[in-house]
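Have a look at the structure below, then the notes.
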Amino acid sequence: MDKTIVGIRFQKIGKLYHFDASREPDLRPGDFAVVETTRGVQLGQVMGIIADPPKPPKGTWKHISRKATPQDLVIRESLGQKEIELMVAARAAAAELKYEGLKIVKAEFNFDGKTVALLFNTADENAEPNLGKLRGTLKKEYPDLNLEFRRIGPRDVAKVIGGMGACGLASRCCSTFLTEFSPISIKMAKAQGISLDPAEITGMCGRLRCCLIYEYEQYVEARKILPKRGKKVVTPLGPGVVLDSIPLKDSVIVRLEDETGTRAEFLKHELEPWDELEALRRKSEGACDKHDSGGCNCGKGEAKAEGSEPPATDD
């Protein structure tokens with residue numbers, strides 16, 4: 001029997017994990033399911049059926065334990081309230097114990113309610129805080145819980161906290177639709193002609209903005225076919241020099257070589273390379289190198305001496 005592999009997400013904007021749903025034929029996208037993971041029992045939402053799933057990491061896909069019931073969803077809501085309560089308690093305890101630079105970002109319960117992960121970050125990324133005192137304080141208040149501390153990076157912190165994006169949108173990309181983070185480099189900003197001012201290219205997380213990668217490939221491809229700055233071109237209004245390019249419009253800004261020095265925008269298909277046209281012009285005006293014996297009729301005969309007679313032709 002062919003396996004039915006589904007993608008399940010445990011957080012609203014989280015990574016997609018694959019599970020075998022062959023034992024639950026009635027499971028549909030949007031349903032919730034209980035599964036066993038490496039971190040314990042979890043409740044996740046089915047996002048879709050995977051037509052061509054990748055190779056399973058450990059030989060086979062884990063089976064879905066069962067489809068979630070209405071009671072499971074009530075428990076999920078209850079755990080959400082407990083997560084907020086525990087997060088607030090952990091932050092208060094960390095402040096009382098004077099943990100400098102420690103930020104408790106979120107608490108995440110397993111579905112069984114026995115294990116909880118406290119996601120944290122530190123101001124100094126290289127620091128390894130000793131959380132023994134914090135663990136001991138919380139265990140006194142929550143003796144039945146298995147506490148885990150899990151460090152996350154600045155981008156993940158911004159994803160969890162959310163907030164307005166630097167572009168002015170109501171939500172940040174990371175907390176709206178980005179499920180995984182791509183490597184971002186400064187060359188992406190340079191390729192797009194974006195100011196390298198840190199305030200312009202840095203996100204709320206203190207890292208280069210994720211959006212720098214969105215149009216990067218289009219800029220790279222466009223610049224391969226558009227004339228570069230300083231290149232001489234022929235436009236419908238005459239020859240000129242390229243001042244700048246607008247890759248996403250497939251156009252360039254040209255300063256015309258006339259008396260006014262007008263600047264105008266032209267699409268790529270409206271331009272001709274000046275050097276190629278100049279080479280063709282010189283070639284057309286040059287002597288023919290194929291008909292040394294005379295009688296050339298290709299339009300490129302040797303220059304005639306002034307007053308010479310044209311070659312005789314048959315009537």
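All residue names refer to the structure tokens as shown: chains lettered A, B, ... in order, residues numbered from 1 in each chain, ligands numbered from 1 in order.
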
A:Pro273 surroundings by only C-alpha atoms, 9 Å radius, close-in-sequence under 6 positions cut, as a list in words | Pro227, Lys231, Lys232, Val233 and Val234 of chain A

Can you pull out every residue within 10 Å of A:Lys114, counting only C-alpha atoms, but drop anything in the same chain fewer than 5 positions away, and send it as a PDB file with N, CA and C atoms, in the first residue's frame?
ATOM      1  N   GLY A  40       8.988  14.439  22.342  1.00  0.00           N
ATOM      2  CA  GLY A  40       7.811  13.996  23.074  1.00  0.00           C
ATOM      3  C   GLY A  40       6.539  14.105  22.251  1.00  0.00           C
ATOM      4  N   VAL A  41       5.408  13.951  22.926  1.00  0.00           N
ATOM      5  CA  VAL A  41       4.106  13.999  22.259  1.00  0.00           C
ATOM      6  C   VAL A  41       3.763  15.440  21.919  1.00  0.00           C
ATOM      7  N   PHE A 109       5.023  24.038  25.868  1.00  0.00           N
ATOM      8  CA  PHE A 109       4.675  22.770  26.500  1.00  0.00           C
ATOM      9  C   PHE A 109       4.558  21.660  25.468  1.00  0.00           C
ATOM     10  N   ASP A 144       6.312  19.455  39.422  1.00  0.00           N
ATOM     11  CA  ASP A 144       5.940  18.313  38.583  1.00  0.00           C
ATOM     12  C   ASP A 144       6.367  18.474  37.125  1.00  0.00           C
ATOM     13  N   LEU A 145       6.939  19.614  36.789  1.00  0.00           N
ATOM     14  CA  LEU A 145       7.307  19.861  35.393  1.00  0.00           C
ATOM     15  C   LEU A 145       8.753  19.475  35.115  1.00  0.00           C
ATOM     16  N   ASN A 146       8.965  18.937  33.928  1.00  0.00           N
ATOM     17  CA  ASN A 146      10.318  18.672  33.447  1.00  0.00           C
ATOM     18  C   ASN A 146      10.759  19.896  32.644  1.00  0.00           C
ATOM     19  N   LEU A 147      11.641  20.690  33.220  1.00  0.00           N
ATOM     20  CA  LEU A 147      12.049  21.953  32.602  1.00  0.00           C
ATOM     21  C   LEU A 147      13.250  21.759  31.681  1.00  0.00           C
TER      22      LEU A 147
END

Return the single residue from A:Val252, A:Met47, A:Val34, A:Ser185 that is closest to A:Tyr17, with distances computed using only C-alpha atoms.
-> A:Met47

Using the chain letters and numbers from this document, which residues of stretch 173-252 of chain A does DSSP assign to strand (DSSP E), as a list in words?
->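 Residues of stretch 173-252 of chain A classed as strand (DSSP E): Lys232, Val233, Val234, Thr235, Gly238, Pro239, Gly240, Val241, Val242, Leu243, Asp244, Ser245, Ile246, Ser251 and Val252 of chain A.
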
Residue subset to file, keeping N, CA and C atoms, as an mmCIF file, in the first residue's frame:
data_model
loop_
_atom_site.group_PDB
_atom_site.id
_atom_site.type_symbol
_atom_site.label_atom_id
_atom_site.label_comp_id
_atom_site.auth_asym_id
_atom_site.auth_seq_id
_atom_site.Cartn_x
_atom_site.Cartn_y
_atom_site.Cartn_z
ATOM 1 N N LYS A 232 28.550 53.193 -23.634
ATOM 2 C CA LYS A 232 27.955 54.062 -24.641
ATOM 3 C C LYS A 232 26.933 53.271 -25.442
ATOM 4 N N VAL A 233 25.751 53.832 -25.613
ATOM 5 C CA VAL A 233 24.672 53.157 -26.328
ATOM 6 C C VAL A 233 24.019 54.129 -27.298
ATOM 7 N N VAL A 234 23.249 53.543 -28.224
ATOM 8 C CA VAL A 234 22.483 54.347 -29.172
ATOM 9 C C VAL A 234 21.011 54.192 -28.828
ATOM 10 N N THR A 235 20.343 55.309 -28.576
ATOM 11 C CA THR A 235 18.927 55.304 -28.201
ATOM 12 C C THR A 235 18.093 55.869 -29.351
ATOM 13 N N GLY A 238 19.194 59.299 -29.992
ATOM 14 C CA GLY A 238 20.586 59.539 -30.300
ATOM 15 C C GLY A 238 21.518 58.823 -29.338
ATOM 16 N N PRO A 239 22.834 58.952 -29.549
ATOM 17 C CA PRO A 239 23.794 58.273 -28.676
ATOM 18 C C PRO A 239 23.833 58.884 -27.274
ATOM 19 N N GLY A 240 24.251 58.054 -26.325
ATOM 20 C CA GLY A 240 24.347 58.524 -24.944
ATOM 21 C C GLY A 240 25.154 57.559 -24.106
ATOM 22 N N VAL A 241 25.309 57.893 -22.830
ATOM 23 C CA VAL A 241 26.088 57.083 -21.895
ATOM 24 C C VAL A 241 25.170 56.619 -20.757
ATOM 25 N N VAL A 242 25.280 55.350 -20.401
ATOM 26 C CA VAL A 242 24.455 54.779 -19.333
ATOM 27 C C VAL A 242 24.902 55.317 -17.985
ATOM 28 N N LEU A 243 23.959 55.878 -17.248
ATOM 29 C CA LEU A 243 24.247 56.397 -15.911
ATOM 30 C C LEU A 243 23.885 55.399 -14.827
ATOM 31 N N ASP A 244 22.793 54.676 -15.027
ATOM 32 C CA ASP A 244 22.326 53.719 -14.012
ATOM 33 C C ASP A 244 21.348 52.755 -14.654
ATOM 34 N N SER A 245 21.086 51.648 -13.973
ATOM 35 C CA SER A 245 20.151 50.643 -14.476
ATOM 36 C C SER A 245 19.011 50.450 -13.482
ATOM 37 N N ILE A 246 17.874 50.041 -14.000
ATOM 38 C CA ILE A 246 16.711 49.723 -13.182
ATOM 39 C C ILE A 246 16.337 48.280 -13.517
ATOM 40 N N SER A 251 15.312 48.354 -17.652
ATOM 41 C CA SER A 251 15.593 49.627 -18.317
ATOM 42 C C SER A 251 16.844 50.264 -17.722
ATOM 43 N N VAL A 252 17.325 51.323 -18.403
ATOM 44 C CA VAL A 252 18.498 52.054 -17.924
ATOM 45 C C VAL A 252 18.251 53.549 -18.053
#

In Å to one decimal, how far is atom CA of A:Thr37 from atom CA of A:Ala21?
->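 Result for atom CA of A:Ala21 versus atom CA of A:Thr37: 14.4 Å, one decimal.
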
Long-range neighbours of A:Arg209 as a PyMOL selection string, 9 Å cut-off, only C-alpha atoms, 6 positions minimum in chain = chain A and resi 166+184+200-203

Give me, please, the distance in Å between atom CA of A:Cys205 and atom CA of A:Ala123, quoted to one decimal.
->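 So the two atoms, atom CA of A:Cys205 and atom CA of A:Ala123, lie 11.5 Å apart.
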